[in-house]
Amino acid sequence: MEIAIDQLSFGALLRDVRRIRRLSQLGLSLQADVSQRHLSCLESGKARPSREMVVQLATALDLSIRERNRLLMSAGFAGLYPQRPLAAADMGPVRAALDLLLSHHAPLPAVVVDRAWNLIDSNIPMQRLLAALGDPDERWRRVCGDGPRNLMKMTLHPEGLQPFIANLDALAPLLLARTAREALEHPEMQAMLETVLAYPGLPRTYRKMDPRQPLLPMVPTHLRFGGHDLRLFTMLATFGTPLDVTTDEVRVELFFPADASSRALLDALSQGPSAPPA
């Protein structure tokens, strides 16, 4: 099946994603087993790609499922991969897996987010952790208004978690660099990134980050509240070999204590809304 074709947009998009990956035409041609001359003609619009060629290039570029669909559609073809809502009947196994991860991670916090860090679900320990910092519903309202609850905004907003983050100078650049790197491939994330960068309380040096800089193996988070110090690191879990846009983009962020006192504090918070131990 073909749809309205825009040959120039395909070539421009192909060139952009190649450059983002810092690949020369020669490098991509070798990875995709395509002649450099033909690749040049595809990028300039002098040649029309077949559906198989688009898939071959997308595979060589290691594009996400959404971006593979985007590249196909820019070449005039329908996308290969569906995008089902999580509530769809055939997404039942996906929902069950997410629920299992959230419940089994207790008493440690965990959240489910989409690729733009919009909150999909969270477990009870995460809800109790946010409640220990004040009214969570009111905090979400101040940070996100009536829009989607966004974890990145909540973390860095001055009325969100920012006042409680003791190592903001270390944490914020890592989060922003990761988001900037993802925004290179997902332009719609750029607006969210620009919104966060405008928050007061973030030093201007954060705006001079290099989105391609190597990231540390884990993101440290040091929260200080009520006379307590909570140090956490996170692990991201994703689905293997997804064939659906939604499934490909869902991620579970699992929080782990970085020391014994943090574990004790999380254990205390998991018992209920009472104040954590002194």
# chains A, B, ... in the order shown; residues from 1 in each chain; ligands from 1

call {"tool": "select_by_dssp", "arguments": {"residues": "segment 18-241 of chain A", "states": "helix (DSSP H, G or I)", "output": "ChimeraX atom specification"}}
result
/A:18-20,25-32,36-44,51-60,65-74,89-104,124-131,136-144,151-156,162-164,168-185,189-197,204-208

call {"tool": "residues_around", "arguments": {"residues": "segment 120-126 of chain A", "least_positions_apart": "4", "cutoff": "8 Å", "atoms": "only C-alpha atoms", "output": "list of chain:residue names"}}
result
A:Leu102, A:Ser103, A:Ala106, A:Pro107, A:Leu108, A:Pro109, A:Ala110, A:Val111, A:Val112, A:Val113, A:Asp114, A:Leu130, A:Leu266, A:Leu269, A:Ser270

call {"tool": "atom_distance", "arguments": {"atom1": "atom CA of Ala78 of chain A", "atom2": "atom CA of Met53 of chain A"}}
result
14.0 Å

call {"tool": "closest_residue", "arguments": {"among": "A:Gly240, A:Pro257, A:Gly11, A:Gly201", "to": "Pro163 of chain A", "atoms": "only C-alpha atoms"}}
result
A:Gly201

call {"tool": "residues_around", "arguments": {"residues": "Phe233 of chain A", "least_positions_apart": "3", "cutoff": "10 Å", "atoms": "only C-alpha atoms", "output": "JSON list (two decimals) with C-alpha atoms, in the first residue's frame"}}
result
[["chain", "number", "residue", "atom", "x", "y", "z"],
["A", 218, "MET", "CA", 23.39, 5.01, 36.47],
["A", 219, "VAL", "CA", 21.60, 8.18, 37.53],
["A", 220, "PRO", "CA", 22.09, 9.05, 41.21],
["A", 221, "THR", "CA", 19.25, 10.80, 43.02],
["A", 222, "HIS", "CA", 19.70, 12.24, 46.50],
["A", 253, "GLU", "CA", 11.75, 2.92, 35.97],
["A", 254, "LEU", "CA", 12.68, 0.87, 39.02],
["A", 255, "PHE", "CA", 14.18, 2.69, 42.00],
["A", 256, "PHE", "CA", 16.71, 1.03, 44.32],
["A", 257, "PRO", "CA", 18.24, 2.26, 47.60],
["A", 258, "ALA", "CA", 21.90, 3.21, 47.37]]

call {"tool": "atom_distance", "arguments": {"atom1": "atom CA of Gly272 of chain A", "atom2": "atom CA of Gly160 of chain A"}}
result
21.8 Å

call {"tool": "atom_distance", "arguments": {"atom1": "atom CA of Thr246 of chain A", "atom2": "atom CA of Leu71 of chain A"}}
result
17.4 Å

call {"tool": "residues_around", "arguments": {"residues": "Arg66 of chain A", "least_positions_apart": "2", "cutoff": "9 Å", "atoms": "only C-alpha atoms", "output": "list in words"}}
result
Leu63, Ser64, Arg68, Asn69, Arg70, Leu71, Gly79, Tyr81, Gln83, Asp244, Val245, Thr246, Asp248 and Glu249 of chain A

call {"tool": "residues_around", "arguments": {"residues": "Arg224 of chain A", "least_positions_apart": "2", "cutoff": "6 Å", "atoms": "only C-alpha atoms", "output": "VMD selection string"}}
result
chain A and resid 164 228 to 229

call {"tool": "write_last_selection", "arguments": {"atoms": "C-alpha atoms", "output": "PDB file, in the first residue's frame"}}
result
ATOM      1  CA  PHE A 164      14.218  18.237  47.643  1.00  0.00           C
ATOM      2  CA  HIS A 228      16.047  12.386  56.145  1.00  0.00           C
ATOM      3  CA  ASP A 229      18.390  11.579  53.270  1.00  0.00           C
TER       4      ASP A 229
END

call {"tool": "closest_residue", "arguments": {"among": "A:Met154, A:Leu23, A:Leu13, A:Met91", "to": "Val54 of chain A", "atoms": "only C-alpha atoms"}}
result
A:Leu13

call {"tool": "residues_around", "arguments": {"residues": "Ser40 of chain A", "least_positions_apart": "4", "cutoff": "8 Å", "atoms": "only C-alpha atoms", "output": "MDAnalysis selection string"}}
result
chainID A and resid 25 36 44

call {"tool": "write_last_selection", "arguments": {"atoms": "C-alpha atoms", "output": "mmCIF file, in the first residue's frame"}}
result
data_model
loop_
_atom_site.group_PDB
_atom_site.id
_atom_site.type_symbol
_atom_site.label_atom_id
_atom_site.label_comp_id
_atom_site.auth_asym_id
_atom_site.auth_seq_id
_atom_site.Cartn_x
_atom_site.Cartn_y
_atom_site.Cartn_z
ATOM 1 C CA GLN A 25 27.247 8.007 3.484
ATOM 2 C CA GLN A 36 27.202 4.772 -1.705
ATOM 3 C CA SER A 44 19.036 13.829 -2.976
#

call {"tool": "closest_atom_pairs", "arguments": {"of": "segment 2-89 of chain A", "to": "segment 175-187 of chain A", "cutoff": "8 Å", "atoms": "only C-alpha atoms", "output": "CSV"}}
result
residue,atom,partner,partner_atom,distance
A:Val17,CA,A:Glu185,CA,7.3
A:Ile20,CA,A:Leu184,CA,7.2
A:Glu67,CA,A:Glu185,CA,7.8

call {"tool": "write_last_selection", "arguments": {"atoms": "N, CA and C atoms", "output": "compact mmCIF listing (two decimals), in the first residue's frame"}}
result
# COMPACT_ATOMS: atom_id res chain seq x y z
N VAL A 17 18.76 11.51 10.04
CA VAL A 17 19.00 10.44 11.01
C VAL A 17 20.40 9.85 10.83
N ILE A 20 22.69 12.33 12.63
CA ILE A 20 22.53 12.23 14.08
C ILE A 20 23.38 11.10 14.63
N GLU A 67 10.10 5.49 14.55
CA GLU A 67 10.90 6.15 13.52
C GLU A 67 10.96 5.32 12.24
